[in-house]
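Q: Just so it is clear, I am handing over model_3.csv, which has CSV, C-alpha atoms and all ligand atoms.
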```csv
chain,number,residue,atom,x,y,z
J,1,MET,CA,-38.8,23.8,-29.5
J,2,LYS,CA,-38.7,27.1,-31.4
J,3,PHE,CA,-36.2,27.1,-34.3
J,4,ASN,CA,-34.4,30.1,-32.8
J,5,GLU,CA,-33.4,27.9,-29.8
J,6,LEU,CA,-32.2,25.0,-31.9
J,7,THR,CA,-28.6,24.0,-31.2
J,8,VAL,CA,-26.3,21.2,-32.4
J,9,ASN,CA,-25.3,18.3,-30.1
J,10,SER,CA,-22.1,19.5,-28.6
J,11,SER,CA,-20.8,16.1,-27.4
J,12,ARG,CA,-21.6,14.4,-30.6
J,13,LEU,CA,-19.6,17.0,-32.6
J,14,TRP,CA,-16.7,16.6,-30.2
J,15,GLU,CA,-16.8,12.8,-30.3
J,16,SER,CA,-16.8,12.8,-34.1
J,17,LEU,CA,-13.8,15.2,-34.1
J,18,MET,CA,-11.9,12.9,-31.6
J,19,GLU,CA,-12.8,9.8,-33.6
J,20,MET,CA,-11.6,11.3,-36.8
J,21,ALA,CA,-8.3,12.4,-35.1
J,22,GLU,CA,-7.6,8.7,-34.4
J,23,ILE,CA,-6.9,8.2,-38.1
J,24,GLY,CA,-3.3,9.2,-38.6
J,25,LYS,CA,-2.9,9.8,-34.8
J,26,ALA,CA,0.6,11.1,-34.0
J,27,PRO,CA,2.3,11.9,-30.7
J,28,GLU,CA,1.1,14.8,-28.4
J,29,ASN,CA,-2.4,14.9,-30.0
J,30,GLY,CA,-1.0,15.4,-33.4
J,31,VAL,CA,-2.4,14.1,-36.7
J,32,SER,CA,-0.3,13.0,-39.7
J,33,ARG,CA,-2.8,12.2,-42.4
J,34,PRO,CA,-1.3,13.7,-45.6
J,35,ALA,CA,-3.6,14.4,-48.6
J,36,LEU,CA,-4.3,11.2,-50.6
J,37,SER,CA,-2.4,9.0,-48.2
J,38,LYS,CA,-3.9,5.7,-47.0
J,39,GLU,CA,-5.0,7.5,-43.9
J,40,ASP,CA,-6.8,10.2,-46.0
J,41,GLY,CA,-8.6,7.4,-47.7
J,42,LYS,CA,-9.8,6.0,-44.4
J,43,ALA,CA,-10.9,9.5,-43.2
J,44,ARG,CA,-12.9,9.9,-46.4
J,45,ASP,CA,-14.5,6.5,-45.9
J,46,LEU,CA,-15.4,7.3,-42.4
J,47,LEU,CA,-17.0,10.6,-43.4
J,48,THR,CA,-19.0,8.8,-46.1
J,49,GLU,CA,-20.2,6.2,-43.7
J,50,TRP,CA,-21.3,8.8,-41.2
J,51,ILE,CA,-23.1,11.1,-43.6
J,52,LYS,CA,-24.9,8.5,-45.8
J,53,PRO,CA,-28.1,8.4,-43.8
J,54,PHE,CA,-28.6,12.2,-44.0
J,55,VAL,CA,-28.0,12.9,-47.7
J,56,ASP,CA,-29.7,12.1,-51.0
J,57,GLU,CA,-26.7,12.3,-53.4
J,58,MET,CA,-22.9,11.9,-53.3
J,59,MET,CA,-20.5,13.0,-55.9
J,60,VAL,CA,-16.7,12.9,-56.3
J,61,ASP,CA,-15.1,15.1,-58.9
J,62,GLU,CA,-11.9,14.4,-60.9
J,63,VAL,CA,-9.5,15.8,-58.3
J,64,GLY,CA,-11.2,14.1,-55.4
J,65,ASN,CA,-13.4,16.8,-54.0
J,66,MET,CA,-16.4,15.1,-52.3
J,67,PHE,CA,-19.9,16.6,-52.4
J,68,PHE,CA,-22.8,15.3,-50.3
J,69,ILE,CA,-26.2,16.8,-51.1
J,70,LYS,CA,-29.4,16.9,-49.1
J,71,GLN,CA,-32.3,18.0,-51.3
J,72,GLY,CA,-34.5,20.9,-50.3
J,73,THR,CA,-38.3,21.1,-50.6
J,74,LYS,CA,-38.0,23.3,-53.7
J,75,SER,CA,-35.8,21.3,-56.0
J,76,ASP,CA,-35.5,24.1,-58.6
J,77,LEU,CA,-33.6,26.4,-56.1
J,78,PRO,CA,-29.8,26.4,-56.0
J,79,ILE,CA,-28.2,24.7,-53.1
J,80,VAL,CA,-26.2,26.2,-50.2
J,81,LEU,CA,-22.8,24.5,-49.8
J,82,SER,CA,-20.5,24.3,-46.7
J,83,GLY,CA,-17.4,22.4,-45.8
J,84,SER,CA,-13.6,22.5,-45.5
J,85,HIS,CA,-10.8,19.9,-45.7
J,86,LEU,CA,-9.9,16.7,-43.9
J,87,ASP,CA,-6.1,16.9,-44.7
J,88,PRO,CA,-4.0,18.4,-41.9
J,89,GLN,CA,-0.4,19.8,-42.2
J,90,LEU,CA,2.2,17.0,-42.3
J,91,HIS,CA,2.3,17.1,-38.5
J,92,GLY,CA,-0.8,19.0,-37.8
J,93,GLY,CA,-3.6,19.2,-35.3
J,94,ARG,CA,-7.1,17.9,-34.8
J,95,PHE,CA,-9.2,20.9,-35.8
J,96,ASP,CA,-7.8,22.8,-38.8
J,97,GLY,CA,-10.2,21.9,-41.6
J,98,VAL,CA,-11.8,18.9,-40.0
J,99,LEU,CA,-14.0,21.2,-37.8
J,100,GLY,CA,-15.5,22.8,-41.0
J,101,VAL,CA,-16.4,19.3,-42.4
J,102,LEU,CA,-17.7,17.6,-39.3
J,103,ALA,CA,-19.7,20.7,-38.1
J,104,VAL,CA,-21.7,20.4,-41.4
J,105,LEU,CA,-22.3,16.7,-40.7
J,106,GLU,CA,-23.5,17.8,-37.2
J,107,VAL,CA,-25.8,20.4,-38.7
J,108,LEU,CA,-27.3,17.7,-41.0
J,109,ARG,CA,-27.8,15.3,-38.0
J,110,THR,CA,-29.4,18.1,-36.0
J,111,LEU,CA,-31.8,19.1,-38.9
J,112,HIS,CA,-32.7,15.4,-39.4
J,113,GLU,CA,-33.5,14.5,-35.8
J,114,ASN,CA,-35.6,17.7,-35.5
J,115,GLN,CA,-37.4,16.9,-38.8
J,116,ILE,CA,-36.5,20.3,-40.2
J,117,LEU,CA,-36.9,20.6,-44.0
J,118,LEU,CA,-35.3,23.6,-45.7
J,119,ASP,CA,-36.4,25.2,-49.0
J,120,HIS,CA,-33.0,25.1,-50.6
J,121,GLY,CA,-30.9,22.0,-50.9
J,122,PHE,CA,-27.9,21.9,-48.7
J,123,GLY,CA,-24.5,20.3,-49.3
J,124,LEU,CA,-21.3,19.3,-47.5
J,125,VAL,CA,-18.0,19.4,-49.4
J,126,ASN,CA,-14.7,17.9,-48.4
J,127,TRP,CA,-12.1,19.8,-50.5
J,128,SER,CA,-9.1,17.7,-51.5
J,129,ASN,CA,-5.5,18.7,-50.5
J,130,GLU,CA,-6.3,22.1,-49.0
J,131,GLU,CA,-3.0,22.4,-47.1
J,132,GLU,CA,-0.8,21.8,-50.2
J,133,ALA,CA,1.6,20.3,-47.6
J,134,ARG,CA,2.1,17.2,-49.8
J,135,PHE,CA,1.1,18.4,-53.4
J,136,CYS,CA,1.7,22.0,-54.4
J,137,PRO,CA,0.1,23.8,-56.1
J,138,ALA,CA,-2.9,21.5,-56.1
J,139,MET,CA,-5.9,22.7,-54.1
J,140,GLY,CA,-9.1,20.9,-55.0
J,141,SER,CA,-11.1,24.1,-54.4
J,142,ALA,CA,-8.9,25.9,-56.9
J,143,VAL,CA,-10.1,23.5,-59.6
J,144,PHE,CA,-13.7,24.0,-58.6
J,145,SER,CA,-13.3,27.8,-58.9
J,146,GLY,CA,-11.4,27.5,-62.2
J,147,LYS,CA,-8.1,28.7,-60.9
J,148,LEU,CA,-6.3,25.5,-61.7
J,149,SER,CA,-7.2,22.9,-64.3
J,150,SER,CA,-7.9,19.3,-63.2
J,151,GLU,CA,-4.9,18.2,-65.4
J,152,GLN,CA,-2.5,20.5,-63.5
J,153,VAL,CA,-3.7,19.1,-60.2
J,154,LEU,CA,-3.8,15.4,-61.4
J,155,ASP,CA,-0.2,15.7,-62.7
J,156,CYS,CA,1.2,17.4,-59.6
J,157,ARG,CA,4.1,15.6,-57.9
J,158,ALA,CA,5.0,15.7,-54.2
J,159,SER,CA,8.6,16.2,-53.2
J,160,ASP,CA,8.9,12.4,-52.7
J,161,GLY,CA,7.9,12.0,-56.4
J,162,SER,CA,4.3,10.7,-55.6
J,163,HIS,CA,1.8,11.5,-58.4
J,164,TYR,CA,-1.5,13.1,-57.4
J,165,GLY,CA,-3.6,11.2,-60.0
J,166,THR,CA,-2.1,7.9,-59.1
J,167,CYS,CA,-2.4,8.4,-55.3
J,168,LEU,CA,-6.0,9.5,-55.8
J,169,LYS,CA,-6.9,6.3,-57.7
J,170,GLN,CA,-5.1,4.2,-55.1
J,171,ILE,CA,-7.4,5.5,-52.3
J,172,GLY,CA,-10.5,5.1,-54.5
J,173,TYR,CA,-11.4,8.8,-54.8
J,174,ALA,CA,-10.8,9.5,-58.5
J,175,GLY,CA,-14.3,10.5,-59.5
J,176,ASN,CA,-15.7,11.9,-62.7
J,177,GLN,CA,-18.9,13.8,-61.8
J,178,LEU,CA,-18.2,17.4,-62.5
J,179,PRO,CA,-19.6,19.8,-59.9
J,180,SER,CA,-20.4,22.2,-62.7
J,181,SER,CA,-23.8,20.5,-62.7
J,182,LEU,CA,-24.3,22.0,-59.2
J,183,LYS,CA,-26.0,25.3,-58.9
J,184,VAL,CA,-24.8,26.9,-55.7
J,185,LYS,CA,-26.3,30.0,-54.1
J,186,ALA,CA,-23.7,30.5,-51.3
J,187,TYR,CA,-20.8,28.8,-49.6
J,188,LEU,CA,-19.9,29.0,-45.8
J,189,GLU,CA,-16.9,27.6,-44.0
J,190,LEU,CA,-16.4,27.2,-40.2
J,191,HIS,CA,-12.8,27.2,-39.1
J,192,ILE,CA,-10.7,27.7,-36.1
J,193,GLU,CA,-9.2,31.2,-36.2
J,194,GLN,CA,-5.6,29.9,-36.1
J,195,GLY,CA,-4.5,33.1,-34.5
J,196,PRO,CA,-4.8,34.7,-31.0
J,197,VAL,CA,-7.3,37.6,-31.6
J,198,LEU,CA,-10.6,36.1,-30.5
J,199,GLU,CA,-9.1,34.5,-27.4
J,200,ASN,CA,-7.4,37.7,-26.4
J,201,GLU,CA,-10.6,39.6,-26.7
J,202,SER,CA,-12.7,36.9,-25.0
J,203,LEU,CA,-14.9,36.6,-28.0
J,204,ASP,CA,-16.9,33.5,-29.2
J,205,ILE,CA,-17.1,34.2,-33.0
J,206,GLY,CA,-15.1,35.8,-35.7
J,207,VAL,CA,-17.2,37.1,-38.6
J,208,VAL,CA,-14.6,36.9,-41.3
J,209,THR,CA,-14.5,39.8,-43.8
J,210,GLY,CA,-11.7,38.5,-46.1
J,211,ALA,CA,-8.2,37.0,-46.1
J,212,GLN,CA,-4.7,38.2,-46.9
J,213,GLY,CA,-3.0,36.9,-50.1
J,214,GLN,CA,-0.2,34.4,-50.0
J,215,MET,CA,2.8,33.5,-52.1
J,216,THR,CA,5.0,30.5,-51.6
J,217,MET,CA,8.4,29.9,-53.1
J,218,ASP,CA,11.3,27.4,-53.0
J,219,VAL,CA,14.8,28.8,-53.2
J,220,THR,CA,17.7,26.6,-54.2
J,221,LEU,CA,21.3,27.8,-53.5
J,222,GLN,CA,24.2,25.9,-54.9
J,223,GLY,CA,27.7,26.4,-53.4
J,224,VAL,CA,30.7,24.2,-53.1
J,225,ALA,CA,31.4,21.6,-50.4
J,226,GLY,CA,34.7,21.6,-48.6
J,227,HIS,CA,36.5,20.7,-45.4
J,228,ALA,CA,35.4,22.9,-42.5
J,229,GLY,CA,39.0,23.2,-41.2
J,230,THR,CA,41.0,23.8,-44.4
J,231,VAL,CA,39.1,26.2,-46.7
J,232,PRO,CA,39.7,29.8,-45.8
J,233,MET,CA,36.6,31.9,-45.2
J,234,ARG,CA,37.2,34.2,-48.2
J,235,LEU,CA,37.4,31.2,-50.6
J,236,ARG,CA,34.2,29.5,-49.6
J,237,ALA,CA,30.9,29.2,-51.4
J,238,ASP,CA,28.9,28.3,-48.4
J,239,ALA,CA,25.2,27.7,-49.3
J,240,LEU,CA,23.9,27.9,-45.8
J,241,ALA,CA,25.8,31.1,-44.9
J,242,CYS,CA,24.2,32.5,-48.1
J,243,ALA,CA,20.7,31.3,-47.1
J,244,SER,CA,20.9,32.8,-43.6
J,245,GLU,CA,21.9,36.2,-45.0
J,246,ILE,CA,19.1,36.0,-47.5
J,247,ILE,CA,16.5,35.2,-44.9
J,248,SER,CA,17.7,38.0,-42.6
J,249,GLN,CA,17.7,40.5,-45.5
J,250,CYS,CA,14.2,39.5,-46.6
J,251,ARG,CA,13.0,39.8,-43.0
J,252,SER,CA,14.4,43.4,-42.8
J,253,ILE,CA,12.6,44.3,-46.1
J,254,LEU,CA,9.3,43.0,-44.8
J,255,LEU,CA,9.6,44.6,-41.4
J,256,LYS,CA,9.8,48.0,-43.1
J,257,LYS,CA,6.3,47.5,-44.5
J,258,GLU,CA,3.2,48.3,-42.5
J,259,ASP,CA,1.7,44.8,-42.7
J,260,GLY,CA,2.4,41.3,-43.9
J,261,VAL,CA,4.4,38.4,-42.6
J,262,MET,CA,7.0,36.0,-43.9
J,263,THR,CA,8.1,32.6,-42.8
J,264,VAL,CA,10.9,30.2,-43.8
J,265,GLY,CA,9.5,26.8,-42.5
J,266,THR,CA,11.6,24.2,-44.4
J,267,MET,CA,15.3,23.8,-45.1
J,268,ASP,CA,17.3,21.0,-46.6
J,269,VAL,CA,21.0,21.2,-46.2
J,270,GLU,CA,23.5,19.1,-48.1
J,271,PRO,CA,25.6,17.2,-47.1
J,272,ASN,CA,24.3,18.1,-43.6
J,273,SER,CA,27.5,17.4,-41.8
J,274,ARG,CA,28.9,19.5,-39.0
J,275,SER,CA,32.4,19.5,-40.4
J,276,THR,CA,31.7,20.0,-44.1
J,277,ILE,CA,30.9,23.4,-45.8
J,278,PRO,CA,27.2,23.1,-47.0
J,279,SER,CA,27.2,22.7,-50.8
J,280,LYS,CA,23.4,23.0,-51.3
J,281,VAL,CA,20.5,24.5,-49.5
J,282,VAL,CA,16.8,24.4,-50.5
J,283,PHE,CA,14.4,26.4,-48.3
J,284,GLY,CA,10.7,27.1,-48.6
J,285,MET,CA,9.3,30.6,-48.0
J,286,ASP,CA,5.7,31.7,-47.3
J,287,ILE,CA,4.9,35.4,-47.7
J,288,ARG,CA,1.5,37.0,-46.9
J,289,ASN,CA,0.1,40.4,-47.3
J,290,PRO,CA,-3.4,41.9,-47.5
J,291,HIS,CA,-2.6,43.8,-50.7
J,292,SER,CA,-1.8,42.3,-54.1
J,293,GLU,CA,0.6,45.1,-55.1
J,294,SER,CA,2.6,44.6,-51.9
J,295,LEU,CA,2.9,40.9,-52.6
J,296,GLU,CA,4.1,41.6,-56.1
J,297,GLN,CA,6.6,44.2,-54.8
J,298,LEU,CA,7.9,41.8,-52.1
J,299,LYS,CA,8.4,39.1,-54.7
J,300,ASN,CA,10.6,41.5,-56.8
J,301,GLN,CA,12.5,42.8,-53.7
J,302,PHE,CA,13.1,39.2,-52.4
J,303,THR,CA,14.3,38.0,-55.8
J,304,GLU,CA,16.7,40.8,-56.1
J,305,ALA,CA,18.1,40.2,-52.6
J,306,ILE,CA,18.5,36.5,-53.4
J,307,SER,CA,20.4,37.2,-56.5
J,308,SER,CA,22.8,39.8,-55.1
J,309,ILE,CA,23.5,37.9,-51.9
J,310,SER,CA,24.1,34.7,-53.8
J,311,GLN,CA,26.7,36.5,-56.0
J,312,LYS,CA,28.4,37.8,-52.9
J,313,HIS,CA,28.7,34.2,-51.5
J,314,HIS,CA,29.8,32.7,-54.9
J,315,CYS,CA,26.6,30.6,-55.0
J,316,THR,CA,24.1,30.1,-57.8
J,317,ASN,CA,20.4,30.4,-57.1
J,318,ASN,CA,17.1,29.3,-58.5
J,319,VAL,CA,13.7,30.6,-57.3
J,320,GLU,CA,10.6,28.7,-58.0
J,321,ILE,CA,7.3,30.4,-57.2
J,322,ARG,CA,5.1,27.5,-56.0
J,323,SER,CA,1.8,29.3,-55.5
J,324,PHE,CA,0.3,32.8,-55.7
J,325,LYS,CA,-3.1,33.5,-54.1
J,326,PRO,CA,-4.5,37.0,-54.2
J,327,PRO,CA,-6.2,38.6,-51.1
J,328,THR,CA,-9.9,37.9,-50.7
J,329,GLU,CA,-13.0,40.0,-49.7
J,330,PHE,CA,-16.0,37.9,-48.7
J,331,ASP,CA,-19.5,38.6,-49.8
J,332,ASP,CA,-21.4,41.3,-47.8
J,333,SER,CA,-24.7,39.4,-47.7
J,334,CYS,CA,-23.0,36.3,-46.3
J,335,ILE,CA,-21.1,38.4,-43.7
J,336,GLU,CA,-24.4,39.9,-42.7
J,337,VAL,CA,-26.1,36.5,-42.4
J,338,ILE,CA,-23.3,35.2,-40.1
J,339,GLU,CA,-23.3,38.4,-38.0
J,340,SER,CA,-27.1,38.2,-37.5
J,341,ALA,CA,-26.8,34.5,-36.4
J,342,ALA,CA,-24.1,35.3,-33.9
J,343,LYS,CA,-26.2,38.3,-32.6
J,344,LYS,CA,-29.3,36.1,-32.3
J,345,LEU,CA,-27.4,33.5,-30.4
J,346,GLN,CA,-26.1,36.2,-28.1
J,347,TYR,CA,-22.5,35.3,-28.7
J,348,GLY,CA,-19.6,37.8,-28.4
J,349,TYR,CA,-18.4,38.4,-32.0
J,350,LYS,CA,-16.4,40.8,-34.1
J,351,ARG,CA,-15.7,41.3,-37.8
J,352,MET,CA,-12.1,40.4,-38.6
J,353,PRO,CA,-9.8,39.4,-41.5
J,354,SER,CA,-8.2,36.0,-41.8
J,355,GLY,CA,-4.5,35.7,-41.6
J,356,ALA,CA,-4.6,32.2,-43.1
J,357,PHE,CA,-5.7,31.1,-46.5
J,358,HIS,CA,-8.8,28.8,-46.9
J,359,ASP,CA,-10.8,26.9,-49.5
J,360,ALA,CA,-13.4,29.6,-48.9
J,361,CYS,CA,-11.0,32.1,-50.6
J,362,MET,CA,-11.0,30.0,-53.7
J,363,VAL,CA,-14.8,29.4,-53.7
J,364,ASN,CA,-15.4,33.2,-53.2
J,365,GLU,CA,-14.1,33.7,-56.7
J,366,ILE,CA,-17.2,32.2,-58.2
J,367,ILE,CA,-19.9,31.9,-55.4
J,368,PRO,CA,-20.9,34.4,-52.7
J,369,THR,CA,-18.9,33.2,-49.6
J,370,GLY,CA,-18.6,33.8,-45.9
J,371,MET,CA,-16.5,32.3,-43.1
J,372,ILE,CA,-17.0,31.8,-39.3
J,373,PHE,CA,-14.1,31.6,-36.9
J,374,THR,CA,-14.0,30.1,-33.4
J,375,PRO,CA,-11.1,30.9,-31.0
J,376,CYS,CA,-8.3,28.4,-30.5
J,377,LEU,CA,-5.9,28.0,-27.6
J,378,ASN,CA,-3.1,30.5,-27.6
J,379,GLY,CA,-3.8,31.0,-31.3
J,380,VAL,CA,-1.7,28.0,-32.1
J,381,SER,CA,-2.3,26.0,-35.3
J,382,HIS,CA,-0.6,23.8,-37.9
J,383,HIS,CA,0.9,22.0,-34.9
J,384,PRO,CA,-0.1,19.0,-32.7
J,385,SER,CA,-0.9,21.4,-29.8
J,386,GLU,CA,-3.7,23.0,-31.8
J,387,TYR,CA,-6.8,23.0,-29.5
J,388,ALA,CA,-10.3,24.5,-29.2
J,389,SER,CA,-12.7,23.7,-26.4
J,390,GLN,CA,-15.9,21.8,-26.8
J,391,GLU,CA,-17.8,24.9,-25.8
J,392,GLN,CA,-16.0,27.1,-28.3
J,393,LEU,CA,-16.7,24.6,-31.1
J,394,PHE,CA,-20.4,24.3,-30.0
J,395,LYS,CA,-20.9,28.1,-30.4
J,396,GLY,CA,-19.1,28.0,-33.8
J,397,ALA,CA,-21.3,25.1,-35.0
J,398,ASN,CA,-24.5,26.8,-33.8
J,399,THR,CA,-23.6,30.0,-35.7
J,400,LEU,CA,-23.1,27.8,-38.8
J,401,LEU,CA,-26.4,26.0,-38.2
J,402,HIS,CA,-28.3,29.3,-38.0
J,403,SER,CA,-26.5,31.0,-40.8
J,404,LEU,CA,-26.9,28.0,-43.2
J,405,SER,CA,-30.6,27.7,-42.3
J,406,GLU,CA,-31.2,31.3,-43.0
J,407,LEU,CA,-29.5,31.1,-46.4
J,408,CYS,CA,-31.5,27.9,-47.1
J,409,ARG,CA,-34.8,29.7,-46.4
J,410,LYS,CA,-34.3,33.0,-48.1
M,1,LIG,C1,-3.7,27.4,-44.8
M,1,LIG,O1,-3.7,26.4,-44.1
M,1,LIG,C2,-2.8,28.4,-44.7
M,1,LIG,O2,-1.6,28.1,-44.5
M,1,LIG,O3,-3.1,29.6,-44.8
M,2,MN,MN,-7.6,24.9,-42.9
M,3,MN,MN,-4.2,24.8,-42.5
```
Step by step, read the file and then write its structure as structure tokens.
A:
Amino acid sequence: MKFNELTVNSSRLWESLMEMAEIGKAPENGVSRPALSKEDGKARDLLTEWIKPFVDEMMVDEVGNMFFIKQGTKSDLPIVLSGSHLDPQLHGGRFDGVLGVLAVLEVLRTLHENQILLDHGFGLVNWSNEEEARFCPAMGSAVFSGKLSSEQVLDCRASDGSHYGTCLKQIGYAGNQLPSSLKVKAYLELHIEQGPVLENESLDIGVVTGAQGQMTMDVTLQGVAGHAGTVPMRLRADALACASEIISQCRSILLKKEDGVMTVGTMDVEPNSRSTIPSKVVFGMDIRNPHSESLEQLKNQFTEAISSISQKHHCTNNVEIRSFKPPTEFDDSCIEVIESAAKKLQYGYKRMPSGAFHDACMVNEIIPTGMIFTPCLNGVSHHPSEYASQEQLFKGANTLLHSLSELCRK
């Protein structure tokens, strides 16, 4: 068979994805496998067991990033790295992140059974805690790229008080081999789009040009509890009424901009009783924009709105910025390699930006990086109903196979 016609094994990739989704299986095809939980440990063990026959070296760094390296025929050349993350959102789906890890495993299996040797070494990486759904800020790829120190990540605490370093030890993935010993030529990541664009345009592949920036913050509002029937409206310090006005005001500020999105996806209300005035509210906000200056401006405008609306409601407020990730532009040569692979395979593709943040955005800070998107059903992600068909994933993995092989040859 000519190399140009080589494809991955579609059903093997699908079966691996489905088997991995059994770990932390939740209702309605969901997956609950938080970073550094017992289930995350099992997922890492299964990946290690699967990949062992196809690699020469395995390394785990201090924050739990896992690297598996297959040597190339020219050992002095830098390696090409690819991967993603095995942790889903707290109640996430079967594809976000996992696809980018298991597709590289499938590429390694395909190269092995076809006895194809590449000049450059080739590595799979499973980044620790990408979603930051449990520990924030604590992306493993941020440590690799020098954006966070390993101490910052190891000392990070989840909202239930769990300690990153302790949980990592408990699952047996507290390593010590620093990846700085790795010389990396390029990094590629395959991911579901997590949005509706490719599906709407009936395209197979997104050649990702960059990603918008993201800021997350937690807002705490303190009011005063009281009986729902006895305290006159004008005398209340109702933390939930205050929160709803803040959210609606921030939305109006954002809607006046040309681009960007904001989401309030978590809210804790105390005492959470129908007939008691809410005394305390904590809500989590996610703000995204393709321009750094706009993100900075939104941060200032939102903080001002929070302060003035809190005063009006006789509440106090505290704003904690949890993470700030600037927008990303991927490497031109990686973009071109991916585009040529999609063209060669005769897939429908387009260049597009990513609405979501990815490990690739962190890695791009220090290594030439590119990303490949596959469509997903109704653009839904971060939810149990997240779905991409076997055929869509097959095309994504083939594009990855040919892009990686090209980079490993050049
Ligand atoms: C990553 O999962 C993101 O929320 O952008
Ligand atoms: Mn992801
Ligand atoms: Mn995600």
Q: With only C-alpha atoms as the atoms that count, which of J:Ser279, J:Ser162, J:Ser307, J:Asn398 lies nearest to J:Ala341?
A: J:Asn398
Q: Need the shell around J:Leu298: protein/DNA/RNA residues with any atom at most 9 Å away, counting all atoms listed in the file. Skip same-chain ones fewer than 2 positions apart. Format as a PyMOL selection string?
A: chain J and resi 250+253-254+287+293-296+300-303
Q: How would you write as a list in words the residues that get within 6 Å of (31.3, 22.2, -50.6) in the file's frame, counting all atoms listed in the file?
A: Val224, Ala225, Gly226, Ile277, Pro278 and Ser279 of chain J
Q: What is the distance, in Å and to one decimal place, between atom CA of J:Leu111 and atom CA of J:Asp359?
A: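 Spanning atom CA of J:Leu111 to atom CA of J:Asp359 is a straight-line distance of 24.8 Å.
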Q: Which residue, J:Ile205, J:Cys376, J:Ile309, J:Leu86, has the smallest gap to ligand MN 3 (chain M) when you use only C-alpha atoms and all ligand atoms?
A: J:Leu86
Q: Give the residue list for ligand LIG 1 (chain M) at 6 Å, counting all atoms listed in the file, as a list in words, sorted by chain and then by residue number.
A: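 Checked against 6 Å with all atoms listed in the file; the hits are Glu131, Ala356, Phe357 and His358 of chain J.
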Q: Which residue out of J:Ser149, J:Asn129, J:Ser32, J:Ser16 has the minimum interatomic distance to ligand MN 2 (chain M) when all atoms listed in the file are used?
A: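 Checking each candidate against ligand MN 2 (chain M), we get J:Asn129 as the closest.
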Q: Using only C-alpha atoms and all ligand atoms, which residues of the polymer chains come no farther than 12 Å from ligand MN 3 (chain M)? I'd like the answer as a PyMOL selection string.
A: chain J and resi 34+84-100+129-133+139+191-195+354-359+380-383+386
Q: Quick one: distance from atom CA of J:Ser128 to atom CA of J:Gly379 in Å, one decimal?
A: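 Interatomic distance here is 24.8 Å.
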Q: For ligand MN 2 (chain M), which residue among J:Tyr347, J:Phe67, J:Phe394, J:Trp127 is the nearest when counting all atoms listed in the file?
A: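 For ligand MN 2 (chain M), the nearest of the given residues is J:Trp127.
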Q: Measuring between all atoms listed in the file, which one of J:Ile367, J:Val107, J:Leu188, J:Val63 shows the shortest distance to J:Glu151?
A: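 Ranking J:Ile367, J:Val107, J:Leu188, J:Val63 by distance to J:Glu151, first place goes to J:Val63.
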Q: Just the number, please: distance in Å from atom CA of J:Lys280 to atom CA of J:Lys312, one decimal.
A: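 Distance reported for this atom pair: 15.7 Å.
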Q: Identify which of the residues J:His291, J:His163, J:Lys38, J:His313 lies closest to J:Thr328, counting all atoms listed in the file when measuring atom-to-atom distances.
A: J:His291
Q: Once you count all atoms listed in the file, which residues end up no further than 7 Å from (17.0, 30.0, -53.8) in the file's frame, shown as a PyMOL selection string?
A: chain J and resi 218-221+282+306+317-319
